[in-house]
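Remarks on the structure that follows.
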Amino acid sequence: MLKPDVLKSGTAVRIRLMAGRAIRITSRIAFLLCGLISLFTAAPYVAERGEDLPVQSEWIVFAAALAVVGVFNVTLAALPRSWIAKACKKDRNDEQLFSSPFKLLGGFAAISYLLALVAYFAPHSWNLDPQLMLALCPMYLVKMTIDPPPVAIFFLLAPMNAGVYGALGSTLGYALLAFRRRH
């Protein structure tokens, strides 16, 4: 039996702080990985067209969007918590500061992982529009150029697609936090 004086009043606060720290560390790692994946995914778009990439081309829009989202997420992973809190007009100990964007990252990543699988396994009779599929599934470019095996889709290309859209989800999450009015 535990004696009532064994449990101290600060125990609940410490447990809550440890949970918040775990979310912050996990989300920063996820932001870094998703940002790097987004930057890495931008490279095939530029490489596919070579050096004659025209400024007005739709390829540059994809590459630029991937790069901006990637740089934003890598920056989020490295910025001090107080700077992020100041930009979002939140307290630095507010749980939403990392949990809300992390939830959006997870949701976007899960949906885009499934979308990558659908795009790969879709029959050719569906005649998927390449421009639409490139916007929805950046790794669709690999399917257009080579025909990767299903193992590569499950363990490489679909997770990369999830990373790209996870980065987009965290970017939107922080945009919502920054532009939402405080009640």
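Chain labels A, B, ... are given in the sequence in which chains occur in the structure tokens; within each chain residues are numbered consecutively from 1, and ligands are likewise numbered from 1 in the order shown.
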For Tyr140 (chain A), work out the shell of residues within 9 Å, counting only C-alpha atoms and skipping chain neighbours fewer than 3 positions away, then give it as a list in words.
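So the residues in contact are Ala116, Ala119, Tyr120, Pro130, Met133, Leu134, Ala135, Leu136, Cys137, Lys143, Met144, Thr145, Leu157 and Asn161 of chain A.
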Enumerate, in order of chain and increasing residue number, the residues of region 74-145 of chain A with an atom no farther than 12 Å from region 23-27 of chain A, each with its shortest atom pair and distance in Å to one decimal, counting only C-alpha atoms, as a tab-separated table.
residue	atom	partner	partner_atom	distance
A:Val74	CA	A:Ser27	CA	11.5
A:Leu76	CA	A:Ser27	CA	9.7
A:Ala77	CA	A:Ser27	CA	8.0
A:Ala78	CA	A:Ile25	CA	11.1
A:Leu79	CA	A:Arg24	CA	12.0
A:Pro80	CA	A:Arg24	CA	11.2
A:Arg81	CA	A:Arg24	CA	9.1
A:Ile84	CA	A:Arg24	CA	11.9
A:Arg92	CA	A:Arg24	CA	11.2
A:Asn93	CA	A:Arg24	CA	10.4
A:Asp94	CA	A:Arg24	CA	10.9
A:Glu95	CA	A:Ile23	CA	8.8
A:Gln96	CA	A:Ile23	CA	10.2
A:Leu97	CA	A:Arg24	CA	8.7
A:Phe98	CA	A:Arg24	CA	5.9
A:Ser99	CA	A:Ile23	CA	6.7
A:Ser100	CA	A:Ser27	CA	10.0
A:Pro101	CA	A:Ser27	CA	8.3
A:Phe102	CA	A:Ser27	CA	5.8
A:Lys103	CA	A:Ser27	CA	9.2
A:Leu104	CA	A:Ser27	CA	11.0
A:Leu105	CA	A:Ser27	CA	9.0
A:Gly106	CA	A:Ser27	CA	10.0
Polymer residues at most 12 Å from Ala65 (chain A), only C-alpha atoms, same-chain spacing of 2 or more positions, as a list in words:
Gly35, Ser38, Leu39, Thr41, Ala42, Ala43, Tyr45, Glu58, Trp59, Ile60, Val61, Phe62, Ala63, Ala67, Val68, Val69, Gly70, Val71, Phe72, Ala135, Pro138, Val164, Tyr165, Ala167, Leu168 and Thr171 of chain A
Compile the contact shell of Pro150 (chain A) as a ChimeraX atom specification: residues with an atom at most 9 Å away, counting only C-alpha atoms, same-chain residues fewer than 3 positions apart removed.
/A:120-121,153-155
Would you mind exporting the chosen residues as a short mmCIF file (atom, residue, chain, number, x, y, z; two decimals), in the first residue's frame, restricted to C-alpha atoms?
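File produced: result.cif:
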data_model
loop_
_atom_site.label_atom_id
_atom_site.label_comp_id
_atom_site.auth_asym_id
_atom_site.auth_seq_id
_atom_site.Cartn_x
_atom_site.Cartn_y
_atom_site.Cartn_z
CA TYR A 120 1.05 3.02 -58.34
CA PHE A 121 -1.47 0.20 -58.41
CA ILE A 153 6.80 1.55 -53.56
CA PHE A 154 5.87 0.30 -50.08
CA PHE A 155 9.20 1.04 -48.41
#
What is the CA of Gly163 (chain A) to CA of Met139 (chain A) distance in Å?
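These atoms are spaced 10.7 Å apart.
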Residues of region 8-181 of chain A classed as helix (DSSP H, G or I) by DSSP on the backbone are to be reported as a ChimeraX atom specification.
/A:11-52,58-78,81-88,96-121,124-126,130-136,140-145,150-179
Work out how far apart CA of Leu177 (chain A) and CA of Lys89 (chain A) are and give it in Å to one decimal.
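It comes out at 8.0 Å.
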Please compute the CA of Asp147 (chain A)-CA of Phe40 (chain A) distance, one decimal, in Å.
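If I compute the distance from CA of Asp147 (chain A) to CA of Phe40 (chain A), I get 19.8 Å.
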